[in-house]
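Let me begin by presenting the structure, written as C-alpha cells, before commenting on it.
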Amino acid sequence: WVKKPLEYLTSVHLAPDGERVVLTARGQVFVAPVKQGRFVAIPRKSGVRYRSAGFLPDGKSLVALSDETGELEFWMLPANGTGQPKPLTQEGQVYRYPALPSPDGKWLVWYDKNQQLWLFNMAQKQSKLVATSLRNNFTDLAWSPDSQWLAYVQAATNTYRQIYLYRLADGRLATL
C-alpha cells in the first residue's frame, strides 16, 4: 500500500462531461468517478510507464505518453479499461510535453524538448511541424471552439512573448 498516494500523483484531468477524472501516478493511469461509479485501473504491460493521461473529447478514450517503444510516444487508451492501447505516434526522438486535443477530437498539439510545436492528425496518423522556437518553449496552447484555429505563445526575436494563430485549413499564420 502507498501511504500517501497524493505524493505520487503527476497529473489530473477532468472528463469532458465532468463526471470522471483521470489520474496518473507512478506510471499508472486510473479513471475515477467524481461521485459514484466504477474506479478503473488502465491495464499496462510490465515495465511500461504512462505519463500525463488526459481525456479525448469523446470521453471514451484517453491520450497518454508511453515509454513502451523506448521513446515517449502518444498512445490512445480506453477510458473504461477494456480493449487494447493503440499507438498514435511513432517518430519520437526527444522528450514530449503533454498533448492538447482539439475540441472535435481530430487533432493533437504538443511541443517537445527541441522547442518544436507539432500538430498530429488523428485520422491520418501523421505529425506536422508547425513552428520552431529559438528562444523558449511554447506556452498557452489553445484551440478555437470549431477546431479550425490553434493559438499559442512564443518568444519573438526581441524576446517579448507574442501570440500566434495558426489556421489548420491552409497553414496560415497570424501574429497578434
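So you can find residues: chains in the C-alpha cells are A, B, ... in the order shown, residues in each start at 1, and ligands are numbered from 1 in order.
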Could the residues of region 120-165 of chain A that have an atom at most 6 Å from region 89-110 of chain A be listed as JSON lines, each with its closest atom pair and the distance in Å to one decimal, counting only C-alpha atoms and ordered by chain and ascending residue number?
```
{"residue": "A:Phe120", "atom": "CA", "partner": "A:Leu108", "partner_atom": "CA", "distance": 5.0}
{"residue": "A:Asn121", "atom": "CA", "partner": "A:Trp107", "partner_atom": "CA", "distance": 4.9}
{"residue": "A:Met122", "atom": "CA", "partner": "A:Lys106", "partner_atom": "CA", "distance": 5.2}
{"residue": "A:Ser147", "atom": "CA", "partner": "A:Ser102", "partner_atom": "CA", "distance": 5.6}
```
Contacts of Phe138 (chain A) at 10 Å or less, counting only C-alpha atoms, minus same-chain residues fewer than 2 places along, as a PDB file with C-alpha atoms, in the first residue's frame?
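This is the output file around-v7.pdb:
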```pdb
ATOM      1  CA  TRP A 110       2.187  19.381 -28.347  1.00  0.00           C
ATOM      2  CA  TYR A 111       5.693  20.759 -28.125  1.00  0.00           C
ATOM      3  CA  ASP A 112       8.919  18.984 -27.380  1.00  0.00           C
ATOM      4  CA  GLN A 115      11.370  23.658 -28.852  1.00  0.00           C
ATOM      5  CA  GLN A 116       9.258  22.431 -31.747  1.00  0.00           C
ATOM      6  CA  LEU A 117       5.475  22.674 -31.949  1.00  0.00           C
ATOM      7  CA  ALA A 131       6.827  26.053 -35.613  1.00  0.00           C
ATOM      8  CA  THR A 132      10.286  26.060 -34.062  1.00  0.00           C
ATOM      9  CA  SER A 133      11.329  28.457 -31.329  1.00  0.00           C
ATOM     10  CA  ARG A 135      14.294  31.131 -27.518  1.00  0.00           C
ATOM     11  CA  ASN A 136      11.849  29.279 -25.279  1.00  0.00           C
ATOM     12  CA  ASP A 140      -0.696  28.768 -23.580  1.00  0.00           C
ATOM     13  CA  LEU A 141      -1.743  26.323 -26.290  1.00  0.00           C
ATOM     14  CA  TYR A 152      -0.047  29.654 -28.880  1.00  0.00           C
ATOM     15  CA  VAL A 153       2.502  31.974 -27.324  1.00  0.00           C
ATOM     16  CA  GLN A 154       6.109  32.067 -28.477  1.00  0.00           C
ATOM     17  CA  ALA A 155       9.008  34.399 -27.799  1.00  0.00           C
ATOM     18  CA  ARG A 161       6.161  36.977 -25.883  1.00  0.00           C
TER      19      ARG A 161
END
```
Query - Residue neighbourhood Asp67 (chain A), 7 Å, only C-alpha atoms, exclusion window fewer than 6 positions, as a count of residues only - result: 4
Requested in this report: Determine which residues of region 94-175 of chain A DSSP labels as strand (DSSP E) from the backbone of this structure, then write them out as a VMD selection string.
Outcome: chain A and resid 100 to 101 107 to 111 116 to 121 126 to 132 139 to 143 149 to 155 161 to 167 173 to 175
Query - From A:Gly59, A:Gln84, A:Ala169, A:Leu14, residue lying nearest Lys45 (chain A) [only C-alpha atoms] - result: A:Gln84
Query raised in the report: Expressed in Å to a single decimal, how great is the separation between CA of Leu23 (chain A) and CA of Asp146 (chain A)?
Result: 27.5 Å
Requested in this report: Could you tell me how far CA of Thr139 (chain A) lies from CA of Pro57 (chain A), in Å and to one decimal?
Outcome: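 Between these atoms lies a distance of 21.1 Å.
Residues with any atom within 6 Å of Arg20 (chain A), counting only C-alpha atoms and excluding same-chain neighbours fewer than 2 positions away, are Ala15, Gly18, Ala32, Pro33 and Val34 of chain A.
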Take the selection from the previous step and output its residues with N, CA, C and O atoms, as a compact mmCIF listing (two decimals), in the first residue's frame.
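Written file, selection-v8.txt:
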```
# COMPACT_ATOMS: atom_id res chain seq x y z
N ALA A 15 -12.86 14.77 -17.09
CA ALA A 15 -13.57 14.31 -18.29
C ALA A 15 -14.40 15.45 -18.88
O ALA A 15 -14.80 16.36 -18.15
N GLY A 18 -17.45 16.11 -16.98
CA GLY A 18 -17.25 16.44 -15.57
C GLY A 18 -17.58 15.33 -14.61
O GLY A 18 -17.53 15.53 -13.40
N ALA A 32 -11.33 7.68 -12.24
CA ALA A 32 -12.16 7.64 -11.03
C ALA A 32 -13.42 8.47 -11.23
O ALA A 32 -13.37 9.52 -11.86
N PRO A 33 -14.52 8.01 -10.68
CA PRO A 33 -15.75 8.81 -10.74
C PRO A 33 -15.65 10.01 -9.79
O PRO A 33 -15.00 9.92 -8.75
N VAL A 34 -16.28 11.09 -10.17
CA VAL A 34 -16.30 12.26 -9.29
C VAL A 34 -17.23 11.99 -8.11
O VAL A 34 -16.94 12.35 -6.97
```
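Across the structure, CA of Leu77 (chain A) and CA of Thr24 (chain A) are spaced 12.7 Å apart.
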Requested in this report: Please return as a ChimeraX atom specification: the residues of chain A that backbone DSSP assigns to helix (DSSP H, G or I).
Outcome: /A:5-8
Would you mind exporting the chosen residues as a PDB file, in the first residue's frame, restricted to C-alpha atoms?
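Result file is part11.pdb:
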```pdb
ATOM      1  CA  PRO A   5      -0.726   8.463  -2.738  1.00  0.00           C
ATOM      2  CA  LEU A   6      -1.069  12.176  -3.500  1.00  0.00           C
ATOM      3  CA  GLU A   7       2.713  12.490  -3.211  1.00  0.00           C
ATOM      4  CA  TYR A   8       2.995  10.286  -6.313  1.00  0.00           C
TER       5      TYR A   8
END
```
**Report entry** Using only C-alpha atoms: which of A:Ala79, A:Ser52, A:Trp143, A:Gln124 has the shortest distance to Arg167 (chain A)
**Finding:** A:Trp143
Query raised in the report: Which residues come within 7 Å of Tyr166 (chain A), counting only C-alpha atoms, excluding same-chain residues fewer than 2 positions away, as a list in words?
Result: Trp149, Leu150, Ala151, Tyr164, Leu168, Gly171, Arg172, Leu173 and Ala174 of chain A
